$ cat structure20.pdb   # PDB, C-alpha atoms
ATOM      1  CA  ALA A   1       1.327  43.247 -56.137
ATOM      2  CA  PHE A   2      -1.964  42.264 -54.477
ATOM      3  CA  GLN A   3      -3.665  42.022 -57.852
ATOM      4  CA  TRP A   4      -0.855  39.826 -59.174
ATOM      5  CA  ILE A   5      -1.214  37.488 -56.184
ATOM      6  CA  ARG A   6      -4.971  37.228 -56.649
ATOM      7  CA  LYS A   7      -4.503  36.384 -60.321
ATOM      8  CA  TYR A   8      -1.659  33.880 -60.072
ATOM      9  CA  ILE A   9      -1.555  32.435 -56.541
ATOM     10  CA  SER A  10      -3.648  29.430 -57.557
ATOM     11  CA  GLY A  11      -0.814  28.420 -59.886
ATOM     12  CA  PHE A  12       1.401  28.042 -56.810
ATOM     13  CA  GLY A  13      -1.134  25.929 -54.951
ATOM     14  CA  GLY A  14      -2.632  28.892 -53.094
ATOM     15  CA  ASP A  15      -6.215  30.016 -52.636
ATOM     16  CA  PRO A  16      -6.974  33.547 -53.903
ATOM     17  CA  ARG A  17      -9.774  33.750 -51.315
ATOM     18  CA  LYS A  18      -7.463  32.998 -48.377
ATOM     19  CA  VAL A  19      -4.664  35.550 -48.723
ATOM     20  CA  THR A  20      -2.960  36.620 -45.475
ATOM     21  CA  LEU A  21      -0.694  39.671 -45.306
ATOM     22  CA  PHE A  22       2.149  40.051 -42.826
ATOM     23  CA  GLY A  23       4.047  43.255 -42.177
ATOM     24  CA  SER A  24       6.490  44.589 -39.590
ATOM     25  CA  SER A  25       7.084  48.216 -38.566
ATOM     26  CA  TRP A  26       6.195  50.446 -41.546
ATOM     27  CA  GLY A  27       5.090  47.301 -43.376
ATOM     28  CA  ALA A  28       2.480  46.798 -40.643
ATOM     29  CA  ALA A  29       1.413  50.448 -40.906
ATOM     30  CA  ASP A  30       1.059  49.984 -44.662
ATOM     31  CA  ILE A  31      -1.242  46.986 -44.158
ATOM     32  CA  HIS A  32      -3.226  49.012 -41.612
ATOM     33  CA  ALA A  33      -3.674  51.708 -44.264
ATOM     34  CA  HIS A  34      -5.060  49.086 -46.644
ATOM     35  CA  LEU A  35      -7.470  47.933 -43.934
ATOM     36  CA  LEU A  36      -8.758  51.518 -43.739
ATOM     37  CA  SER A  37      -8.861  52.049 -47.504
ATOM     38  CA  ASN A  38     -11.804  52.504 -49.847
ATOM     39  CA  ALA A  39     -10.665  49.426 -51.741
ATOM     40  CA  ASN A  40     -11.254  47.379 -48.597
ATOM     41  CA  LEU A  41     -14.967  48.151 -48.358
ATOM     42  CA  GLU A  42     -15.922  45.044 -50.329
ATOM     43  CA  ASP A  43     -17.346  42.165 -48.324
ATOM     44  CA  VAL A  44     -14.553  39.741 -47.398
ATOM     45  CA  TRP A  45     -16.727  36.677 -47.614
ATOM     46  CA  GLY A  46     -19.040  37.789 -50.387
ATOM     47  CA  PRO A  47     -20.449  35.616 -53.188
ATOM     48  CA  PRO A  48     -17.889  33.675 -55.257
ATOM     49  CA  ASP A  49     -18.432  35.915 -58.265
ATOM     50  CA  SER A  50     -17.834  39.160 -56.305
ATOM     51  CA  PRO A  51     -14.381  40.745 -56.485
ATOM     52  CA  GLY A  52     -14.034  41.109 -52.715
ATOM     53  CA  PRO A  53     -10.958  42.652 -51.104
ATOM     54  CA  LEU A  54      -7.421  41.825 -52.191
ATOM     55  CA  PHE A  55      -6.642  39.997 -48.923
ATOM     56  CA  HIS A  56      -8.617  38.237 -46.218
ATOM     57  CA  ARG A  57      -6.487  38.189 -43.048
ATOM     58  CA  ALA A  58      -3.612  40.298 -41.754
ATOM     59  CA  ILE A  59      -0.784  40.123 -39.234
ATOM     60  CA  LEU A  60       0.581  43.462 -38.006
ATOM     61  CA  GLN A  61       3.851  43.301 -36.075
ATOM     62  CA  SER A  62       5.275  46.370 -34.344
ATOM     63  CA  GLY A  63       3.484  49.023 -36.329
ATOM     64  CA  ALA A  64       0.151  50.693 -37.070
ATOM     65  CA  LEU A  65      -1.257  53.783 -38.726
ATOM     66  CA  VAL A  66      -2.201  56.708 -36.484
ATOM     67  CA  PRO A  67      -4.020  59.893 -37.562
ATOM     68  CA  SER A  68      -1.059  62.198 -37.057
ATOM     69  CA  SER A  69       0.497  64.642 -39.514
ATOM     70  CA  SER A  70       3.873  63.095 -38.717
ATOM     71  CA  VAL A  71       2.597  59.773 -40.104
ATOM     72  CA  VAL A  72      -0.092  60.644 -42.674
ATOM     73  CA  GLN A  73       0.484  63.679 -44.867
ATOM     74  CA  ASP A  74      -2.128  66.054 -46.223
ATOM     75  CA  VAL A  75      -2.206  66.793 -49.944
ATOM     76  CA  ASN A  76      -0.439  70.159 -49.708
ATOM     77  CA  THR A  77       2.468  68.804 -47.658
ATOM     78  CA  ALA A  78       2.816  65.756 -49.872
ATOM     79  CA  GLY A  79       2.754  67.937 -53.004
ATOM     80  CA  LEU A  80       5.519  70.150 -51.644
ATOM     81  CA  LEU A  81       7.726  67.179 -50.775
ATOM     82  CA  PHE A  82       6.964  65.553 -54.124
ATOM     83  CA  SER A  83       8.090  68.714 -55.936
ATOM     84  CA  ARG A  84      11.339  68.683 -53.987
ATOM     85  CA  VAL A  85      11.971  65.052 -54.916
ATOM     86  CA  MET A  86      11.373  65.736 -58.604
ATOM     87  CA  SER A  87      13.679  68.722 -58.443
ATOM     88  CA  THR A  88      16.385  66.658 -56.755
ATOM     89  CA  LEU A  89      16.073  63.960 -59.424
ATOM     90  CA  ARG A  90      15.989  66.585 -62.207
ATOM     91  CA  VAL A  91      12.753  65.281 -63.724
ATOM     92  CA  SER A  92       9.649  67.221 -64.716
ATOM     93  CA  THR A  93       7.105  64.585 -65.735
ATOM     94  CA  ILE A  94       5.622  61.436 -64.197
ATOM     95  CA  GLU A  95       6.934  59.401 -67.125
ATOM     96  CA  GLN A  96      10.486  60.584 -66.418
ATOM     97  CA  LEU A  97      10.001  59.788 -62.738
ATOM     98  CA  ARG A  98       8.936  56.219 -63.583
ATOM     99  CA  ASN A  99      12.195  55.712 -65.459
ATOM    100  CA  VAL A 100      14.365  56.693 -62.468
ATOM    101  CA  PRO A 101      16.314  53.657 -61.129
ATOM    102  CA  ALA A 102      14.900  52.316 -57.858
ATOM    103  CA  ALA A 103      18.128  52.854 -55.905
ATOM    104  CA  LYS A 104      18.286  56.504 -56.964
ATOM    105  CA  LEU A 105      14.622  57.004 -56.101
ATOM    106  CA  VAL A 106      15.127  55.560 -52.602
ATOM    107  CA  SER A 107      18.154  57.793 -52.021
ATOM    108  CA  ALA A 108      16.019  60.843 -52.833
ATOM    109  CA  THR A 109      12.870  59.885 -50.913
ATOM    110  CA  GLY A 110      14.203  57.709 -48.096
ATOM    111  CA  GLU A 111      13.178  54.136 -47.407
ATOM    112  CA  ARG A 112       9.816  55.133 -45.947
ATOM    113  CA  VAL A 113       7.141  56.861 -48.015
ATOM    114  CA  ARG A 114       4.285  58.053 -45.850
ATOM    115  CA  PRO A 115       0.641  57.661 -46.932
ATOM    116  CA  VAL A 116      -1.324  60.688 -48.084
ATOM    117  CA  ASP A 117      -4.846  61.591 -47.047
ATOM    118  CA  ASP A 118      -5.889  62.519 -50.589
ATOM    119  CA  GLY A 119      -9.558  61.589 -50.336
ATOM    120  CA  VAL A 120      -9.054  58.700 -52.750
ATOM    121  CA  PHE A 121      -7.109  55.862 -51.139
ATOM    122  CA  LEU A 122      -8.154  56.132 -47.485
ATOM    123  CA  ARG A 123     -11.790  55.998 -46.433
ATOM    124  CA  GLN A 124     -13.407  59.314 -45.605
ATOM    125  CA  ASP A 125     -13.976  58.179 -42.021
ATOM    126  CA  TRP A 126     -10.559  56.539 -41.539
ATOM    127  CA  ARG A 127      -9.534  58.949 -38.776
ATOM    128  CA  THR A 128     -12.610  58.063 -36.728
ATOM    129  CA  LEU A 129     -11.958  54.363 -37.238
ATOM    130  CA  ALA A 130      -8.299  54.782 -36.236
ATOM    131  CA  LEU A 131      -8.959  56.512 -32.897
ATOM    132  CA  PRO A 132     -11.070  54.479 -30.458
ATOM    133  CA  TYR A 133     -11.126  57.302 -27.916
ATOM    134  CA  SER A 134     -13.166  59.574 -30.200
ATOM    135  CA  THR A 135     -15.533  57.112 -31.832
ATOM    136  CA  ALA A 136     -19.287  57.300 -31.479
ATOM    137  CA  PRO A 137     -21.223  54.323 -30.053
ATOM    138  CA  ASP A 138     -22.407  53.316 -33.522
ATOM    139  CA  VAL A 139     -18.885  53.114 -34.987
ATOM    140  CA  PRO A 140     -17.936  49.443 -35.517
ATOM    141  CA  THR A 141     -15.043  48.063 -33.466
ATOM    142  CA  ALA A 142     -14.048  45.512 -36.076
ATOM    143  CA  TRP A 143     -12.340  45.390 -39.442
ATOM    144  CA  ARG A 144     -13.596  43.299 -42.311
ATOM    145  CA  GLN A 145     -10.618  40.975 -41.930
ATOM    146  CA  ASP A 146      -9.436  39.021 -38.899
ATOM    147  CA  VAL A 147      -6.199  40.507 -37.597
ATOM    148  CA  ILE A 148      -3.343  39.528 -35.304
ATOM    149  CA  ILE A 149      -1.503  42.569 -33.961
ATOM    150  CA  GLY A 150       1.278  43.046 -31.411
ATOM    151  CA  ASP A 151       4.675  44.442 -30.527
ATOM    152  CA  VAL A 152       7.748  43.463 -28.525
ATOM    153  CA  ALA A 153       9.494  44.963 -25.519
ATOM    154  CA  CYS A 154      12.604  46.548 -27.037
ATOM    155  CA  GLU A 155      11.666  47.978 -30.425
ATOM    156  CA  SER A 156      13.749  51.113 -29.835
ATOM    157  CA  VAL A 157      16.997  49.142 -29.558
ATOM    158  CA  LEU A 158      17.490  50.228 -33.179
ATOM    159  CA  TRP A 159      18.305  53.701 -31.841
ATOM    160  CA  ALA A 160      20.452  52.598 -28.888
ATOM    161  CA  ALA A 161      23.685  54.100 -30.258
ATOM    162  CA  PRO A 162      22.367  57.559 -31.260
ATOM    163  CA  ALA A 163      20.234  57.772 -28.101
ATOM    164  CA  LYS A 164      23.425  57.982 -26.041
ATOM    165  CA  LEU A 165      24.356  61.175 -27.896
ATOM    166  CA  TRP A 166      21.100  63.011 -27.241
ATOM    167  CA  ALA A 167      20.828  65.681 -24.574
ATOM    168  CA  ALA A 168      17.745  65.942 -22.383
ATOM    169  CA  ASP A 169      17.216  69.530 -23.549
ATOM    170  CA  ALA A 170      17.199  68.366 -27.158
ATOM    171  CA  VAL A 171      14.672  65.640 -26.351
ATOM    172  CA  SER A 172      12.460  68.183 -24.571
ATOM    173  CA  ARG A 173      12.600  70.618 -27.498
ATOM    174  CA  ARG A 174      11.681  67.852 -29.925
ATOM    175  CA  ALA A 175       8.774  66.755 -27.709
ATOM    176  CA  ARG A 176       7.459  70.313 -27.547
ATOM    177  CA  ALA A 177       7.636  70.612 -31.339
ATOM    178  CA  VAL A 178       5.694  67.380 -31.829
ATOM    179  CA  VAL A 179       3.149  67.813 -29.025
ATOM    180  CA  GLN A 180       2.700  71.549 -29.687
ATOM    181  CA  SER A 181       2.281  72.184 -25.965
ATOM    182  CA  VAL A 182       4.976  73.113 -23.470
ATOM    183  CA  ARG A 183       2.884  71.897 -20.543
ATOM    184  CA  ARG A 184       2.126  68.521 -22.073
ATOM    185  CA  ALA A 185       5.670  68.034 -23.326
ATOM    186  CA  ASP A 186       7.101  68.794 -19.879
ATOM    187  CA  ALA A 187       4.594  66.393 -18.314
ATOM    188  CA  LEU A 188       5.793  63.759 -20.778
ATOM    189  CA  MET A 189       9.409  64.334 -19.761
ATOM    190  CA  ARG A 190       8.464  63.923 -16.102
ATOM    191  CA  ALA A 191       6.375  60.820 -16.781
ATOM    192  CA  TYR A 192       9.413  59.070 -18.224
ATOM    193  CA  ASP A 193      11.815  60.522 -15.611
ATOM    194  CA  ILE A 194      13.956  61.994 -18.367
ATOM    195  CA  VAL A 195      14.699  65.125 -16.355
ATOM    196  CA  GLU A 196      15.630  63.032 -13.304
ATOM    197  CA  ALA A 197      17.888  60.869 -15.462
ATOM    198  CA  ALA A 198      19.554  63.982 -16.842
ATOM    199  CA  ILE A 199      20.434  65.128 -13.305
ATOM    200  CA  ASN A 200      22.423  61.922 -12.923
ATOM    201  CA  SER A 201      24.249  62.618 -16.175
ATOM    202  CA  PRO A 202      26.577  65.645 -15.672
ATOM    203  CA  THR A 203      27.464  65.792 -19.365
ATOM    204  CA  ARG A 204      23.924  66.651 -20.391
ATOM    205  CA  GLU A 205      22.780  70.201 -21.050
ATOM    206  CA  LEU A 206      20.124  70.268 -18.354
ATOM    207  CA  THR A 207      22.696  69.543 -15.666
ATOM    208  CA  SER A 208      25.613  71.771 -16.487
ATOM    209  CA  LEU A 209      25.231  73.407 -13.073
ATOM    210  CA  HIS A 210      25.464  70.020 -11.385
ATOM    211  CA  SER A 211      28.727  68.953 -12.998
ATOM    212  CA  SER A 212      30.973  71.253 -10.966
ATOM    213  CA  ALA A 213      29.302  70.115  -7.754
ATOM    214  CA  LEU A 214      29.921  66.484  -8.639
ATOM    215  CA  ASP A 215      33.548  67.249  -9.436
ATOM    216  CA  ASP A 216      33.972  68.902  -6.017
ATOM    217  CA  GLU A 217      32.548  65.817  -4.336
ATOM    218  CA  ASP A 218      34.994  63.632  -6.202
ATOM    219  CA  ASP A 219      37.924  65.758  -4.987
ATOM    220  CA  GLU A 220      36.741  65.662  -1.390
ATOM    221  CA  ASP A 221      36.351  61.890  -1.435
ATOM    222  CA  GLY A 222      39.759  61.468  -3.030
ATOM    223  CA  ARG A 223      38.336  59.588  -5.958
ATOM    224  CA  SER A 224      40.181  59.555  -9.272
ATOM    225  CA  SER A 225      38.892  61.207 -12.426
ATOM    226  CA  SER A 226      38.239  57.782 -13.930
ATOM    227  CA  SER A 227      35.682  57.123 -11.179
ATOM    228  CA  GLY A 228      33.890  60.351 -12.072
ATOM    229  CA  ALA A 229      33.864  59.327 -15.706
ATOM    230  CA  SER A 230      32.298  56.020 -14.747
ATOM    231  CA  GLY A 231      29.520  57.816 -12.894
ATOM    232  CA  SER A 232      28.979  60.031 -15.915
ATOM    233  CA  ASP A 233      28.725  56.980 -18.170
ATOM    234  CA  GLU A 234      26.144  55.430 -15.860
ATOM    235  CA  GLY A 235      24.097  58.630 -15.948
ATOM    236  CA  GLU A 236      24.278  58.786 -19.724
ATOM    237  CA  ASP A 237      23.174  55.164 -19.999
ATOM    238  CA  GLU A 238      20.238  55.857 -17.686
ATOM    239  CA  LEU A 239      19.152  58.876 -19.742
ATOM    240  CA  ALA A 240      19.475  56.908 -22.986
ATOM    241  CA  GLU A 241      17.322  54.114 -21.553
ATOM    242  CA  ARG A 242      14.587  56.558 -20.559
ATOM    243  CA  VAL A 243      14.648  58.198 -23.990
ATOM    244  CA  MET A 244      14.487  54.797 -25.713
ATOM    245  CA  GLU A 245      11.532  53.816 -23.528
ATOM    246  CA  LEU A 246       9.704  56.970 -24.611
ATOM    247  CA  MET A 247      10.500  56.295 -28.270
ATOM    248  CA  ASN A 248       9.348  52.697 -27.949
ATOM    249  CA  ASP A 249       5.966  53.743 -26.578
ATOM    250  CA  VAL A 250       5.402  56.589 -29.039
ATOM    251  CA  ALA A 251       6.520  54.802 -32.200
ATOM    252  CA  PHE A 252       5.378  51.255 -31.491
ATOM    253  CA  ALA A 253       3.472  50.384 -28.310
ATOM    254  CA  TRP A 254       0.916  53.215 -28.434
ATOM    255  CA  PRO A 255       0.013  52.880 -32.153
ATOM    256  CA  VAL A 256      -0.357  49.107 -31.768
ATOM    257  CA  ASP A 257      -2.560  49.493 -28.684
ATOM    258  CA  VAL A 258      -4.731  52.095 -30.430
ATOM    259  CA  ALA A 259      -5.151  49.893 -33.509
ATOM    260  CA  ALA A 260      -6.050  46.894 -31.352
ATOM    261  CA  ARG A 261      -8.701  48.886 -29.489
ATOM    262  CA  CYS A 262     -10.188  50.004 -32.797
ATOM    263  CA  ALA A 263     -10.609  46.391 -33.867
ATOM    264  CA  ALA A 264     -11.468  44.859 -30.516
ATOM    265  CA  ASP A 265     -14.042  42.539 -32.094
ATOM    266  CA  SER A 266     -11.829  41.239 -34.891
ATOM    267  CA  ALA A 267      -8.239  41.465 -33.628
ATOM    268  CA  PHE A 268      -6.117  39.180 -31.484
ATOM    269  CA  LEU A 269      -3.569  41.234 -29.544
ATOM    270  CA  TYR A 270      -0.240  39.580 -28.898
ATOM    271  CA  ASP A 271       1.624  41.013 -25.907
ATOM    272  CA  GLU A 272       4.714  39.324 -24.520
ATOM    273  CA  GLN A 273       4.577  41.339 -21.318
ATOM    274  CA  PRO A 274       3.387  39.318 -18.274
TER     275      PRO A 274
END
$ encode --input "structure20.pdb" --output "structure tokens"
Amino acid sequence: AFQWIRKYISGFGGDPRKVTLFGSSWGAADIHAHLLSNANLEDVWGPPDSPGPLFHRAILQSGALVPSSSVVQDVNTAGLLFSRVMSTLRVSTIEQLRNVPAAKLVSATGERVRPVDDGVFLRQDWRTLALPYSTAPDVPTAWRQDVIIGDVACESVLWAAPAKLWAADAVSRRARAVVQSVRRADALMRAYDIVEAAINSPTRELTSLHSSALDDEDDEDGRSSSSGASGSDEGEDELAERVMELMNDVAFAWPVDVAARCAADSAFLYDEQP
């Protein structure tokens, strides 16, 4: 697509040397991957006869690439998943795979296809460039293109409905699986007050021992069962809000902040927070 734009954009009144990309969420992460790619090593403002990169500026909204196995796959993992997809589609060759209808391909792979660290597309040092906290003093803090990057306050509203169904125990188990550390995962739960929110939600797993006590208090105060249900709903809403805040930071705010720090000399960070 980039090559097509470079070749034909002048026919639409555009300038092939002033191409700006814009992406949101995974689209932004995809652009970030291109910024860290081997193909992007060409000088942006090189001589007129040089090929240069396929784009010259970028806008990343609510997304960025982070060096995590949950975002970027290694070759072995990607090969295993690729084999499963081909098996599901009942194809055995690349040519057969290319002939699969797009809708069927999306149903088998999902809407998001993660990048692969195959030693070809991404630069060899892309992990160093993507983590400002581990870079050496001589590592540049700028990309070859000027970039605008930012996020908004309520990205995780997309998961508002399912978040109300999650138990605090389930969130904690998932955090431990991702972080690979019980101590750090528990510290994360405390940092976002998820355990405290669960105590106020008697329907959650972590607070099964608290539910009978709350019921006894309701009986003593002469309150109806509907009042107890209202308190339970409030607790569930509070827990869901804490979980959504955690998801927002992990999936959007933190990657965007990391990417902005990596390109401190070439990026404008948009932040709507006061």
$ residues_around --input "structure20.pdb" --residues "Ile31 in chain A" --least-positions-apart "6" --cutoff "10 Å" --atoms "all atoms listed in the file" --output "list of chain:residue names"
A:Leu21, A:Phe22, A:Gly23, A:Ser24, A:Ser37, A:Ala58, A:Ile59, A:Leu60, A:Gly63, A:Ala64, A:Leu65
$ closest_residue --input "structure20.pdb" --among "A:Ser172, A:Ala264, A:Trp126, A:Leu158" --to "Ser68 in chain A" --atoms "only C-alpha atoms"
A:Trp126
$ residues_near_point --input "structure20.pdb" --point "(12.5, 55.3, -30.6)" --cutoff "10 Å" --atoms "all atoms listed in the file" --output "MDAnalysis selection string"
chainID A and resid 154:160 163 243:252
$ resolve_selection --input "structure20.pdb" --expression "the PyMOL selection byres ((chain A and resi 188) around 12)" --output "list in words"
Val171, Ser172, Arg173, Arg174, Ala175, Arg176, Val178, Val179, Ser181, Val182, Arg183, Arg184, Ala185, Asp186, Ala187, Met189, Arg190, Ala191, Tyr192, Asp193, Ile194, Val195, Arg242, Val243, Glu245, Leu246, Met247, Asp249 and Val250 of chain A
$ closest_residue --input "structure20.pdb" --among "A:Ala177, A:Ala167, A:Ala28, A:Leu36" --to "Pro67 in chain A" --atoms "all atoms listed in the file"
A:Leu36
$ atom_distance --input "structure20.pdb" --atom1 "CA of Gln145 in chain A" --atom2 "CA of Gly119 in chain A"
22.3 Å
$ build_atoms --input "structure20.pdb" --residues "range 118-128 of chain A" --atoms "all heavy atoms" --output "PDB file, keeping the file's coordinate frame"
ATOM      1  N   ASP A 118      -5.513  61.808 -49.371  1.00  0.00           N
ATOM      2  CA  ASP A 118      -5.889  62.519 -50.589  1.00  0.00           C
ATOM      3  C   ASP A 118      -7.361  62.398 -50.937  1.00  0.00           C
ATOM      4  O   ASP A 118      -7.811  62.868 -51.993  1.00  0.00           O
ATOM      5  CB  ASP A 118      -5.050  62.019 -51.772  1.00  0.00           C
ATOM      6  CG  ASP A 118      -5.205  60.525 -52.010  1.00  0.00           C
ATOM      7  OD1 ASP A 118      -5.971  59.888 -51.266  1.00  0.00           O
ATOM      8  OD2 ASP A 118      -4.549  60.008 -52.927  1.00  0.00           O
ATOM      9  N   GLY A 119      -8.143  61.751 -50.064  1.00  0.00           N
ATOM     10  CA  GLY A 119      -9.558  61.589 -50.336  1.00  0.00           C
ATOM     11  C   GLY A 119      -9.868  60.498 -51.336  1.00  0.00           C
ATOM     12  O   GLY A 119     -11.029  60.312 -51.709  1.00  0.00           O
ATOM     13  N   VAL A 120      -8.863  59.761 -51.766  1.00  0.00           N
ATOM     14  CA  VAL A 120      -9.054  58.700 -52.750  1.00  0.00           C
ATOM     15  C   VAL A 120      -8.737  57.334 -52.144  1.00  0.00           C
ATOM     16  O   VAL A 120      -9.574  56.434 -52.131  1.00  0.00           O
ATOM     17  CB  VAL A 120      -8.182  58.929 -54.004  1.00  0.00           C
ATOM     18  CG1 VAL A 120      -8.349  57.773 -54.988  1.00  0.00           C
ATOM     19  CG2 VAL A 120      -8.548  60.245 -54.660  1.00  0.00           C
ATOM     20  N   PHE A 121      -7.522  57.176 -51.634  1.00  0.00           N
ATOM     21  CA  PHE A 121      -7.109  55.862 -51.139  1.00  0.00           C
ATOM     22  C   PHE A 121      -7.761  55.527 -49.797  1.00  0.00           C
ATOM     23  O   PHE A 121      -8.415  54.497 -49.651  1.00  0.00           O
ATOM     24  CB  PHE A 121      -5.587  55.800 -50.996  1.00  0.00           C
ATOM     25  CG  PHE A 121      -5.094  54.494 -50.447  1.00  0.00           C
ATOM     26  CD1 PHE A 121      -5.078  53.355 -51.233  1.00  0.00           C
ATOM     27  CD2 PHE A 121      -4.666  54.392 -49.121  1.00  0.00           C
ATOM     28  CE1 PHE A 121      -4.646  52.137 -50.735  1.00  0.00           C
ATOM     29  CE2 PHE A 121      -4.234  53.186 -48.609  1.00  0.00           C
ATOM     30  CZ  PHE A 121      -4.220  52.054 -49.416  1.00  0.00           C
ATOM     31  N   LEU A 122      -7.597  56.394 -48.809  1.00  0.00           N
ATOM     32  CA  LEU A 122      -8.154  56.132 -47.485  1.00  0.00           C
ATOM     33  C   LEU A 122      -9.641  56.474 -47.436  1.00  0.00           C
ATOM     34  O   LEU A 122     -10.107  57.406 -48.103  1.00  0.00           O
ATOM     35  CB  LEU A 122      -7.410  56.951 -46.429  1.00  0.00           C
ATOM     36  CG  LEU A 122      -5.952  56.554 -46.171  1.00  0.00           C
ATOM     37  CD1 LEU A 122      -5.276  57.586 -45.291  1.00  0.00           C
ATOM     38  CD2 LEU A 122      -5.878  55.177 -45.530  1.00  0.00           C
ATOM     39  N   ARG A 123     -10.378  55.724 -46.632  1.00  0.00           N
ATOM     40  CA  ARG A 123     -11.790  55.998 -46.433  1.00  0.00           C
ATOM     41  C   ARG A 123     -11.987  57.390 -45.849  1.00  0.00           C
ATOM     42  O   ARG A 123     -11.126  57.914 -45.138  1.00  0.00           O
ATOM     43  CB  ARG A 123     -12.405  54.967 -45.486  1.00  0.00           C
ATOM     44  CG  ARG A 123     -12.451  53.581 -46.026  1.00  0.00           C
ATOM     45  CD  ARG A 123     -12.925  52.591 -44.979  1.00  0.00           C
ATOM     46  NE  ARG A 123     -14.164  52.990 -44.317  1.00  0.00           N
ATOM     47  CZ  ARG A 123     -14.890  52.179 -43.567  1.00  0.00           C
ATOM     48  NH1 ARG A 123     -14.484  50.938 -43.355  1.00  0.00           N
ATOM     49  NH2 ARG A 123     -16.003  52.604 -43.002  1.00  0.00           N
ATOM     50  N   GLN A 124     -13.133  57.978 -46.112  1.00  0.00           N
ATOM     51  CA  GLN A 124     -13.407  59.314 -45.605  1.00  0.00           C
ATOM     52  C   GLN A 124     -13.430  59.337 -44.078  1.00  0.00           C
ATOM     53  O   GLN A 124     -13.052  60.331 -43.456  1.00  0.00           O
ATOM     54  CB  GLN A 124     -14.739  59.812 -46.170  1.00  0.00           C
ATOM     55  CG  GLN A 124     -15.059  61.254 -45.800  1.00  0.00           C
ATOM     56  CD  GLN A 124     -16.336  61.746 -46.455  1.00  0.00           C
ATOM     57  OE1 GLN A 124     -17.004  60.990 -47.159  1.00  0.00           O
ATOM     58  NE2 GLN A 124     -16.682  63.000 -46.221  1.00  0.00           N
ATOM     59  N   ASP A 125     -13.869  58.240 -43.475  1.00  0.00           N
ATOM     60  CA  ASP A 125     -13.976  58.179 -42.021  1.00  0.00           C
ATOM     61  C   ASP A 125     -12.806  57.441 -41.376  1.00  0.00           C
ATOM     62  O   ASP A 125     -12.917  56.959 -40.247  1.00  0.00           O
ATOM     63  CB  ASP A 125     -15.280  57.496 -41.622  1.00  0.00           C
ATOM     64  CG  ASP A 125     -15.391  56.074 -42.181  1.00  0.00           C
ATOM     65  OD1 ASP A 125     -14.558  55.713 -43.036  1.00  0.00           O
ATOM     66  OD2 ASP A 125     -16.311  55.342 -41.769  1.00  0.00           O
ATOM     67  N   TRP A 126     -11.669  57.348 -42.052  1.00  0.00           N
ATOM     68  CA  TRP A 126     -10.559  56.539 -41.539  1.00  0.00           C
ATOM     69  C   TRP A 126     -10.021  57.072 -40.217  1.00  0.00           C
ATOM     70  O   TRP A 126      -9.599  56.299 -39.359  1.00  0.00           O
ATOM     71  CB  TRP A 126      -9.438  56.461 -42.571  1.00  0.00           C
ATOM     72  CG  TRP A 126      -8.589  57.697 -42.688  1.00  0.00           C
ATOM     73  CD1 TRP A 126      -8.812  58.776 -43.485  1.00  0.00           C
ATOM     74  CD2 TRP A 126      -7.380  57.975 -41.973  1.00  0.00           C
ATOM     75  NE1 TRP A 126      -7.834  59.720 -43.313  1.00  0.00           N
ATOM     76  CE2 TRP A 126      -6.940  59.244 -42.384  1.00  0.00           C
ATOM     77  CE3 TRP A 126      -6.635  57.278 -41.023  1.00  0.00           C
ATOM     78  CZ2 TRP A 126      -5.776  59.838 -41.895  1.00  0.00           C
ATOM     79  CZ3 TRP A 126      -5.475  57.866 -40.528  1.00  0.00           C
ATOM     80  CH2 TRP A 126      -5.061  59.124 -40.956  1.00  0.00           C
ATOM     81  N   ARG A 127     -10.041  58.394 -40.031  1.00  0.00           N
ATOM     82  CA  ARG A 127      -9.534  58.949 -38.776  1.00  0.00           C
ATOM     83  C   ARG A 127     -10.406  58.519 -37.595  1.00  0.00           C
ATOM     84  O   ARG A 127      -9.902  58.212 -36.512  1.00  0.00           O
ATOM     85  CB  ARG A 127      -9.476  60.480 -38.853  1.00  0.00           C
ATOM     86  CG  ARG A 127      -8.420  61.002 -39.826  1.00  0.00           C
ATOM     87  CD  ARG A 127      -8.404  62.517 -39.867  1.00  0.00           C
ATOM     88  NE  ARG A 127      -7.375  62.999 -40.783  1.00  0.00           N
ATOM     89  CZ  ARG A 127      -6.104  63.197 -40.450  1.00  0.00           C
ATOM     90  NH1 ARG A 127      -5.713  62.960 -39.206  1.00  0.00           N
ATOM     91  NH2 ARG A 127      -5.232  63.623 -41.337  1.00  0.00           N
ATOM     92  N   THR A 128     -11.710  58.511 -37.790  1.00  0.00           N
ATOM     93  CA  THR A 128     -12.610  58.063 -36.728  1.00  0.00           C
ATOM     94  C   THR A 128     -12.379  56.602 -36.405  1.00  0.00           C
ATOM     95  O   THR A 128     -12.353  56.198 -35.233  1.00  0.00           O
ATOM     96  CB  THR A 128     -14.069  58.277 -37.156  1.00  0.00           C
ATOM     97  OG1 THR A 128     -14.281  59.662 -37.435  1.00  0.00           O
ATOM     98  CG2 THR A 128     -15.020  57.826 -36.053  1.00  0.00           C
TER      99      THR A 128
END
